[in-house]
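For reference, entry-v1.pdb is printed below; it contains PDB, N, CA and C atoms, pLDDT in the B column.
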```
ATOM      1  N   MET T   1      -1.086 -11.758   9.713  1.00 49.00           N
ATOM      2  CA  MET T   1      -1.665 -11.714   8.389  1.00 49.00           C
ATOM      3  C   MET T   1      -2.965 -10.923   8.426  1.00 49.00           C
ATOM      4  N   CYS T   2      -3.278 -10.334   7.321  1.00 51.00           N
ATOM      5  CA  CYS T   2      -4.471  -9.501   7.256  1.00 51.00           C
ATOM      6  C   CYS T   2      -5.631 -10.319   6.703  1.00 51.00           C
ATOM      7  N   LEU T   3      -6.490 -10.759   7.593  1.00 55.00           N
ATOM      8  CA  LEU T   3      -7.669 -11.474   7.127  1.00 55.00           C
ATOM      9  C   LEU T   3      -8.782 -10.503   6.773  1.00 55.00           C
ATOM     10  N   PHE T   4      -8.940  -9.502   7.590  1.00 56.00           N
ATOM     11  CA  PHE T   4      -9.982  -8.521   7.371  1.00 56.00           C
ATOM     12  C   PHE T   4      -9.339  -7.142   7.319  1.00 56.00           C
ATOM     13  N   PRO T   5      -9.943  -6.202   6.602  1.00 57.00           N
ATOM     14  CA  PRO T   5      -9.316  -4.888   6.478  1.00 57.00           C
ATOM     15  C   PRO T   5      -9.373  -4.109   7.797  1.00 57.00           C
ATOM     16  N   THR T   6      -8.420  -4.375   8.644  1.00 68.00           N
ATOM     17  CA  THR T   6      -8.344  -3.660   9.908  1.00 68.00           C
ATOM     18  C   THR T   6      -7.611  -2.347   9.692  1.00 68.00           C
ATOM     19  N   LYS T   7      -7.583  -1.536  10.734  1.00 69.00           N
ATOM     20  CA  LYS T   7      -6.907  -0.245  10.618  1.00 69.00           C
ATOM     21  C   LYS T   7      -5.424  -0.424  10.331  1.00 69.00           C
ATOM     22  N   PHE T   8      -4.807  -1.434  10.971  1.00 66.00           N
ATOM     23  CA  PHE T   8      -3.386  -1.667  10.741  1.00 66.00           C
ATOM     24  C   PHE T   8      -3.104  -2.035   9.288  1.00 66.00           C
ATOM     25  N   CYS T   9      -3.930  -2.899   8.703  1.00 67.00           N
ATOM     26  CA  CYS T   9      -3.734  -3.316   7.316  1.00 67.00           C
ATOM     27  C   CYS T   9      -3.913  -2.147   6.360  1.00 67.00           C
ATOM     28  N   ILE T  10      -4.903  -1.317   6.618  1.00 72.00           N
ATOM     29  CA  ILE T  10      -5.155  -0.163   5.759  1.00 72.00           C
ATOM     30  C   ILE T  10      -3.988   0.815   5.835  1.00 72.00           C
ATOM     31  N   ILE T  11      -3.477   1.040   7.036  1.00 73.00           N
ATOM     32  CA  ILE T  11      -2.347   1.954   7.198  1.00 73.00           C
ATOM     33  C   ILE T  11      -1.102   1.380   6.538  1.00 73.00           C
ATOM     34  N   ALA T  12      -0.868   0.075   6.708  1.00 72.00           N
ATOM     35  CA  ALA T  12       0.307  -0.559   6.110  1.00 72.00           C
ATOM     36  C   ALA T  12       0.252  -0.498   4.583  1.00 72.00           C
ATOM     37  N   LEU T  13      -0.905  -0.777   4.006  1.00 70.00           N
ATOM     38  CA  LEU T  13      -1.030  -0.717   2.546  1.00 70.00           C
ATOM     39  C   LEU T  13      -0.894   0.711   2.027  1.00 70.00           C
ATOM     40  N   THR T  14      -1.414   1.679   2.784  1.00 74.00           N
ATOM     41  CA  THR T  14      -1.285   3.081   2.387  1.00 74.00           C
ATOM     42  C   THR T  14       0.182   3.498   2.379  1.00 74.00           C
ATOM     43  N   LEU T  15       0.930   3.107   3.415  1.00 70.00           N
ATOM     44  CA  LEU T  15       2.351   3.441   3.463  1.00 70.00           C
ATOM     45  C   LEU T  15       3.121   2.742   2.347  1.00 70.00           C
ATOM     46  N   LEU T  16       2.750   1.516   2.033  1.00 69.00           N
ATOM     47  CA  LEU T  16       3.413   0.784   0.967  1.00 69.00           C
ATOM     48  C   LEU T  16       3.192   1.458  -0.382  1.00 69.00           C
ATOM     49  N   VAL T  17       1.957   1.851  -0.643  1.00 69.00           N
ATOM     50  CA  VAL T  17       1.645   2.525  -1.909  1.00 69.00           C
ATOM     51  C   VAL T  17       2.333   3.880  -1.975  1.00 69.00           C
ATOM     52  N   PHE T  18       2.316   4.618  -0.868  1.00 69.00           N
ATOM     53  CA  PHE T  18       2.948   5.938  -0.861  1.00 69.00           C
ATOM     54  C   PHE T  18       4.449   5.831  -1.077  1.00 69.00           C
ATOM     55  N   SER T  19       5.076   4.836  -0.449  1.00 70.00           N
ATOM     56  CA  SER T  19       6.524   4.686  -0.613  1.00 70.00           C
ATOM     57  C   SER T  19       6.879   4.267  -2.040  1.00 70.00           C
ATOM     58  N   ALA T  20       5.982   3.533  -2.693  1.00 66.00           N
ATOM     59  CA  ALA T  20       6.253   3.123  -4.068  1.00 66.00           C
ATOM     60  C   ALA T  20       6.122   4.290  -5.041  1.00 66.00           C
ATOM     61  N   PHE T  21       5.193   5.203  -4.784  1.00 66.00           N
ATOM     62  CA  PHE T  21       4.948   6.296  -5.715  1.00 66.00           C
ATOM     63  C   PHE T  21       5.599   7.611  -5.317  1.00 66.00           C
ATOM     64  N   SER T  22       6.294   7.677  -4.192  1.00 66.00           N
ATOM     65  CA  SER T  22       6.924   8.920  -3.783  1.00 66.00           C
ATOM     66  C   SER T  22       8.028   9.385  -4.736  1.00 66.00           C
ATOM     67  N   PRO T  23       8.845   8.494  -5.323  1.00 65.00           N
ATOM     68  CA  PRO T  23       9.836   8.989  -6.295  1.00 65.00           C
ATOM     69  C   PRO T  23       9.182   9.621  -7.523  1.00 65.00           C
ATOM     70  N   ILE T  24       8.029   9.090  -7.928  1.00 64.00           N
ATOM     71  CA  ILE T  24       7.331   9.649  -9.090  1.00 64.00           C
ATOM     72  C   ILE T  24       6.840  11.055  -8.771  1.00 64.00           C
ATOM     73  N   LEU T  25       6.248  11.205  -7.596  1.00 60.00           N
ATOM     74  CA  LEU T  25       5.705  12.507  -7.223  1.00 60.00           C
ATOM     75  C   LEU T  25       6.811  13.536  -7.040  1.00 60.00           C
ATOM     76  N   GLY T  26       7.927  13.117  -6.463  1.00 60.00           N
ATOM     77  CA  GLY T  26       9.036  14.048  -6.254  1.00 60.00           C
ATOM     78  C   GLY T  26       9.616  14.563  -7.552  1.00 60.00           C
ATOM     79  N   SER T  27       9.767  13.697  -8.541  1.00 59.00           N
ATOM     80  CA  SER T  27      10.331  14.137  -9.811  1.00 59.00           C
ATOM     81  C   SER T  27       9.292  14.855 -10.671  1.00 59.00           C
ATOM     82  N   ALA T  28       8.027  14.518 -10.492  1.00 58.00           N
ATOM     83  CA  ALA T  28       6.979  15.152 -11.307  1.00 58.00           C
ATOM     84  C   ALA T  28       6.796  16.615 -10.937  1.00 58.00           C
ATOM     85  N   PHE T  29       6.924  16.929  -9.661  1.00 60.00           N
ATOM     86  CA  PHE T  29       6.728  18.305  -9.232  1.00 60.00           C
ATOM     87  C   PHE T  29       8.033  19.096  -9.218  1.00 60.00           C
ATOM     88  N   GLY T  30       9.110  18.508  -9.656  1.00 56.00           N
ATOM     89  CA  GLY T  30      10.363  19.236  -9.812  1.00 56.00           C
ATOM     90  C   GLY T  30      11.009  19.631  -8.504  1.00 56.00           C
ATOM     91  N   GLN T  31      10.928  18.802  -7.497  1.00 55.00           N
ATOM     92  CA  GLN T  31      11.523  19.151  -6.218  1.00 55.00           C
ATOM     93  C   GLN T  31      13.016  18.849  -6.190  1.00 55.00           C
ATOM     94  N   GLU T  32      13.499  18.066  -7.112  1.00 54.00           N
ATOM     95  CA  GLU T  32      14.911  17.743  -7.156  1.00 54.00           C
ATOM     96  C   GLU T  32      15.574  18.608  -8.227  1.00 54.00           C
ATOM     97  N   SER T  33      16.725  19.161  -7.895  1.00 58.00           N
ATOM     98  CA  SER T  33      17.401  20.030  -8.849  1.00 58.00           C
ATOM     99  C   SER T  33      18.512  19.297  -9.594  1.00 58.00           C
ATOM    100  N   GLU T  34      18.821  18.062  -9.209  1.00 70.00           N
ATOM    101  CA  GLU T  34      19.888  17.326  -9.855  1.00 70.00           C
ATOM    102  C   GLU T  34      19.375  16.610 -11.103  1.00 70.00           C
ATOM    103  N   VAL T  35      20.300  16.237 -11.958  1.00 71.00           N
ATOM    104  CA  VAL T  35      19.956  15.535 -13.190  1.00 71.00           C
ATOM    105  C   VAL T  35      19.643  14.079 -12.848  1.00 71.00           C
ATOM    106  N   ILE T  36      18.552  13.569 -13.428  1.00 71.00           N
ATOM    107  CA  ILE T  36      18.109  12.207 -13.156  1.00 71.00           C
ATOM    108  C   ILE T  36      18.365  11.358 -14.399  1.00 71.00           C
ATOM    109  N   ASN T  37      19.062  10.262 -14.208  1.00 83.00           N
ATOM    110  CA  ASN T  37      19.246   9.311 -15.292  1.00 83.00           C
ATOM    111  C   ASN T  37      17.949   8.521 -15.418  1.00 83.00           C
ATOM    112  N   ARG T  38      17.267   8.665 -16.526  1.00 87.00           N
ATOM    113  CA  ARG T  38      15.932   8.077 -16.666  1.00 87.00           C
ATOM    114  C   ARG T  38      15.963   6.556 -16.655  1.00 87.00           C
ATOM    115  N   SER T  39      17.009   5.967 -17.195  1.00 90.00           N
ATOM    116  CA  SER T  39      17.104   4.513 -17.207  1.00 90.00           C
ATOM    117  C   SER T  39      17.243   3.969 -15.784  1.00 90.00           C
ATOM    118  N   VAL T  40      18.099   4.598 -14.994  1.00 89.00           N
ATOM    119  CA  VAL T  40      18.279   4.172 -13.610  1.00 89.00           C
ATOM    120  C   VAL T  40      16.997   4.405 -12.820  1.00 89.00           C
ATOM    121  N   PHE T  41      16.348   5.520 -13.049  1.00 88.00           N
ATOM    122  CA  PHE T  41      15.094   5.827 -12.363  1.00 88.00           C
ATOM    123  C   PHE T  41      14.015   4.804 -12.727  1.00 88.00           C
ATOM    124  N   ALA T  42      13.941   4.433 -14.006  1.00 90.00           N
ATOM    125  CA  ALA T  42      12.923   3.466 -14.445  1.00 90.00           C
ATOM    126  C   ALA T  42      13.171   2.097 -13.831  1.00 90.00           C
ATOM    127  N   TRP T  43      14.435   1.642 -13.818  1.00 92.00           N
ATOM    128  CA  TRP T  43      14.727   0.337 -13.229  1.00 92.00           C
ATOM    129  C   TRP T  43      14.517   0.347 -11.722  1.00 92.00           C
ATOM    130  N   ASN T  44      14.856   1.455 -11.066  1.00 92.00           N
ATOM    131  CA  ASN T  44      14.628   1.567  -9.626  1.00 92.00           C
ATOM    132  C   ASN T  44      13.129   1.494  -9.320  1.00 92.00           C
ATOM    133  N   LEU T  45      12.346   2.196 -10.113  1.00 92.00           N
ATOM    134  CA  LEU T  45      10.899   2.154  -9.928  1.00 92.00           C
ATOM    135  C   LEU T  45      10.359   0.749 -10.181  1.00 92.00           C
ATOM    136  N   PHE T  46      10.890   0.080 -11.213  1.00 94.00           N
ATOM    137  CA  PHE T  46      10.468  -1.286 -11.510  1.00 94.00           C
ATOM    138  C   PHE T  46      10.747  -2.209 -10.329  1.00 94.00           C
ATOM    139  N   TYR T  47      11.955  -2.136  -9.764  1.00 95.00           N
ATOM    140  CA  TYR T  47      12.303  -3.004  -8.644  1.00 95.00           C
ATOM    141  C   TYR T  47      11.476  -2.692  -7.401  1.00 95.00           C
ATOM    142  N   GLU T  48      11.201  -1.416  -7.154  1.00 94.00           N
ATOM    143  CA  GLU T  48      10.358  -1.055  -6.003  1.00 94.00           C
ATOM    144  C   GLU T  48       8.940  -1.599  -6.163  1.00 94.00           C
ATOM    145  N   LEU T  49       8.381  -1.466  -7.359  1.00 94.00           N
ATOM    146  CA  LEU T  49       7.022  -1.958  -7.587  1.00 94.00           C
ATOM    147  C   LEU T  49       6.966  -3.483  -7.587  1.00 94.00           C
ATOM    148  N   MET T  50       8.025  -4.135  -8.075  1.00 96.00           N
ATOM    149  CA  MET T  50       8.071  -5.591  -8.009  1.00 96.00           C
ATOM    150  C   MET T  50       8.153  -6.065  -6.562  1.00 96.00           C
ATOM    151  N   THR T  51       8.918  -5.343  -5.740  1.00 95.00           N
ATOM    152  CA  THR T  51       8.993  -5.687  -4.320  1.00 95.00           C
ATOM    153  C   THR T  51       7.629  -5.534  -3.670  1.00 95.00           C
ATOM    154  N   ALA T  52       6.929  -4.451  -3.989  1.00 94.00           N
ATOM    155  CA  ALA T  52       5.585  -4.247  -3.442  1.00 94.00           C
ATOM    156  C   ALA T  52       4.636  -5.341  -3.910  1.00 94.00           C
ATOM    157  N   ALA T  53       4.738  -5.742  -5.178  1.00 95.00           N
ATOM    158  CA  ALA T  53       3.874  -6.795  -5.700  1.00 95.00           C
ATOM    159  C   ALA T  53       4.158  -8.133  -5.020  1.00 95.00           C
ATOM    160  N   ILE T  54       5.435  -8.413  -4.756  1.00 96.00           N
ATOM    161  CA  ILE T  54       5.786  -9.669  -4.080  1.00 96.00           C
ATOM    162  C   ILE T  54       5.256  -9.663  -2.654  1.00 96.00           C
ATOM    163  N   VAL T  55       5.362  -8.528  -1.960  1.00 95.00           N
ATOM    164  CA  VAL T  55       4.849  -8.444  -0.588  1.00 95.00           C
ATOM    165  C   VAL T  55       3.343  -8.658  -0.562  1.00 95.00           C
ATOM    166  N   VAL T  56       2.629  -8.017  -1.483  1.00 95.00           N
ATOM    167  CA  VAL T  56       1.176  -8.198  -1.554  1.00 95.00           C
ATOM    168  C   VAL T  56       0.838  -9.643  -1.894  1.00 95.00           C
ATOM    169  N   GLY T  57       1.582 -10.254  -2.807  1.00 95.00           N
ATOM    170  CA  GLY T  57       1.348 -11.644  -3.157  1.00 95.00           C
ATOM    171  C   GLY T  57       1.581 -12.589  -1.992  1.00 95.00           C
ATOM    172  N   VAL T  58       2.616 -12.324  -1.206  1.00 95.00           N
ATOM    173  CA  VAL T  58       2.889 -13.155  -0.032  1.00 95.00           C
ATOM    174  C   VAL T  58       1.757 -13.036   0.982  1.00 95.00           C
ATOM    175  N   ILE T  59       1.255 -11.827   1.174  1.00 95.00           N
ATOM    176  CA  ILE T  59       0.143 -11.629   2.116  1.00 95.00           C
ATOM    177  C   ILE T  59      -1.104 -12.368   1.635  1.00 95.00           C
ATOM    178  N   VAL T  60      -1.404 -12.260   0.348  1.00 95.00           N
ATOM    179  CA  VAL T  60      -2.592 -12.930  -0.197  1.00 95.00           C
ATOM    180  C   VAL T  60      -2.444 -14.448  -0.111  1.00 95.00           C
ATOM    181  N   GLN T  61      -1.285 -14.974  -0.494  1.00 95.00           N
ATOM    182  CA  GLN T  61      -1.083 -16.418  -0.449  1.00 95.00           C
ATOM    183  C   GLN T  61      -1.105 -16.933   0.984  1.00 95.00           C
ATOM    184  N   GLY T  62      -0.512 -16.192   1.906  1.00 94.00           N
ATOM    185  CA  GLY T  62      -0.545 -16.593   3.310  1.00 94.00           C
ATOM    186  C   GLY T  62      -1.954 -16.614   3.860  1.00 94.00           C
ATOM    187  N   THR T  63      -2.739 -15.623   3.470  1.00 94.00           N
ATOM    188  CA  THR T  63      -4.129 -15.580   3.912  1.00 94.00           C
ATOM    189  C   THR T  63      -4.913 -16.768   3.351  1.00 94.00           C
ATOM    190  N   LEU T  64      -4.696 -17.077   2.077  1.00 94.00           N
ATOM    191  CA  LEU T  64      -5.384 -18.224   1.475  1.00 94.00           C
ATOM    192  C   LEU T  64      -4.988 -19.538   2.144  1.00 94.00           C
ATOM    193  N   ILE T  65      -3.712 -19.714   2.404  1.00 93.00           N
ATOM    194  CA  ILE T  65      -3.265 -20.944   3.059  1.00 93.00           C
ATOM    195  C   ILE T  65      -3.868 -21.054   4.449  1.00 93.00           C
ATOM    196  N   TYR T  66      -3.899 -19.940   5.181  1.00 93.00           N
ATOM    197  CA  TYR T  66      -4.489 -19.949   6.522  1.00 93.00           C
ATOM    198  C   TYR T  66      -5.971 -20.340   6.458  1.00 93.00           C
ATOM    199  N   ILE T  67      -6.702 -19.716   5.527  1.00 92.00           N
ATOM    200  CA  ILE T  67      -8.143 -20.000   5.421  1.00 92.00           C
ATOM    201  C   ILE T  67      -8.381 -21.450   5.016  1.00 92.00           C
ATOM    202  N   ILE T  68      -7.581 -21.955   4.072  1.00 90.00           N
ATOM    203  CA  ILE T  68      -7.767 -23.334   3.612  1.00 90.00           C
ATOM    204  C   ILE T  68      -7.514 -24.323   4.740  1.00 90.00           C
ATOM    205  N   PHE T  69      -6.438 -24.131   5.493  1.00 89.00           N
ATOM    206  CA  PHE T  69      -6.136 -25.076   6.566  1.00 89.00           C
ATOM    207  C   PHE T  69      -7.024 -24.882   7.787  1.00 89.00           C
ATOM    208  N   ARG T  70      -7.489 -23.673   7.990  1.00 89.00           N
ATOM    209  CA  ARG T  70      -8.331 -23.408   9.162  1.00 89.00           C
ATOM    210  C   ARG T  70      -9.738 -23.970   8.981  1.00 89.00           C
ATOM    211  N   PHE T  71     -10.289 -23.871   7.792  1.00 87.00           N
ATOM    212  CA  PHE T  71     -11.678 -24.250   7.558  1.00 87.00           C
ATOM    213  C   PHE T  71     -11.820 -25.473   6.650  1.00 87.00           C
ATOM    214  N   ARG T  72     -10.807 -26.333   6.612  1.00 85.00           N
ATOM    215  CA  ARG T  72     -10.916 -27.532   5.783  1.00 85.00           C
ATOM    216  C   ARG T  72     -11.869 -28.538   6.428  1.00 85.00           C
ATOM    217  N   GLU T  73     -12.397 -29.381   5.598  1.00 79.00           N
ATOM    218  CA  GLU T  73     -13.302 -30.410   6.102  1.00 79.00           C
ATOM    219  C   GLU T  73     -12.482 -31.523   6.731  1.00 79.00           C
ATOM    220  N   LYS T  74     -12.934 -31.973   7.868  1.00 77.00           N
ATOM    221  CA  LYS T  74     -12.230 -33.037   8.565  1.00 77.00           C
ATOM    222  C   LYS T  74     -12.966 -34.349   8.338  1.00 77.00           C
ATOM    223  N   LYS T  75     -12.199 -35.403   8.177  1.00 73.00           N
ATOM    224  CA  LYS T  75     -12.808 -36.714   7.982  1.00 73.00           C
ATOM    225  C   LYS T  75     -13.264 -37.232   9.342  1.00 73.00           C
ATOM    226  N   ILE T  76     -14.536 -37.488   9.449  1.00 69.00           N
ATOM    227  CA  ILE T  76     -15.117 -37.982  10.698  1.00 69.00           C
ATOM    228  C   ILE T  76     -15.416 -39.460  10.523  1.00 69.00           C
ATOM    229  N   LYS T  77     -14.950 -40.265  11.458  1.00 69.00           N
ATOM    230  CA  LYS T  77     -15.232 -41.691  11.402  1.00 69.00           C
ATOM    231  C   LYS T  77     -16.666 -41.903  11.884  1.00 69.00           C
ATOM    232  N   HIS T  78     -17.454 -42.511  11.031  1.00 68.00           N
ATOM    233  CA  HIS T  78     -18.845 -42.760  11.376  1.00 68.00           C
ATOM    234  C   HIS T  78     -18.955 -44.029  12.213  1.00 68.00           C
ATOM    235  N   GLU T  79     -19.471 -43.878  13.383  1.00 66.00           N
ATOM    236  CA  GLU T  79     -19.679 -45.038  14.242  1.00 66.00           C
ATOM    237  C   GLU T  79     -21.125 -45.486  14.119  1.00 66.00           C
ATOM    238  N   GLU T  80     -21.315 -46.780  14.169  1.00 65.00           N
ATOM    239  CA  GLU T  80     -22.673 -47.284  14.078  1.00 65.00           C
ATOM    240  C   GLU T  80     -23.394 -47.016  15.382  1.00 65.00           C
ATOM    241  N   VAL T  81     -24.594 -46.497  15.255  1.00 63.00           N
ATOM    242  CA  VAL T  81     -25.398 -46.200  16.450  1.00 63.00           C
ATOM    243  C   VAL T  81     -26.299 -47.398  16.709  1.00 63.00           C
ATOM    244  N   SER T  82     -26.161 -47.961  17.882  1.00 61.00           N
ATOM    245  CA  SER T  82     -27.017 -49.112  18.207  1.00 61.00           C
ATOM    246  C   SER T  82     -28.334 -48.602  18.753  1.00 61.00           C
ATOM    247  N   GLY T  83     -29.396 -49.087  18.221  1.00 54.00           N
ATOM    248  CA  GLY T  83     -30.725 -48.588  18.552  1.00 54.00           C
ATOM    249  C   GLY T  83     -31.420 -49.362  19.543  1.00 54.00           C
TER     250      GLY T  83
END
```
As structure tokens - that is how I would like this structure written.
Amino acid sequence: MCLFPTKFCIIALTLLVFSAFSPILGSAFGQESEVINRSVFAWNLFYELMTAAIVVGVIVQGTLIYIIFRFREKKIKHEEVSG
């Protein structure tokens, strides 16, 4: 899990964002010569971005759960100190 923005996390997020937006860039610059069905393209883009959002949400929730359980307050039994 990514607790701090390490190089691996930055690279992973960059690849995730690039993979999500690569179909947009490819069609915007006209690199494909075939006809694109816009409805299929829109739904494909929606599912790719939803997958990316779910992955990011899982990472965030996992990080929160780790932090909560790692740094929770522990109940300490108070013993009487005899003076």
Quiz item: Any idea what the distance is between atom CA of T:Val60 and atom N of T:Phe46?
Solution: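 We find that atom CA of T:Val60 and atom N of T:Phe46 lie 21.7 Å from each other.
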Quiz item: So how many Å separate atom N of T:Phe71 and atom CA of T:Ile11, to one decimal?
Solution: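 Distance reported for this atom pair: 27.0 Å.
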Quiz item: What does the distance from atom C of T:Ser39 to atom CA of T:Ile54 come to in Å, to one decimal?
Solution: 21.3 Å
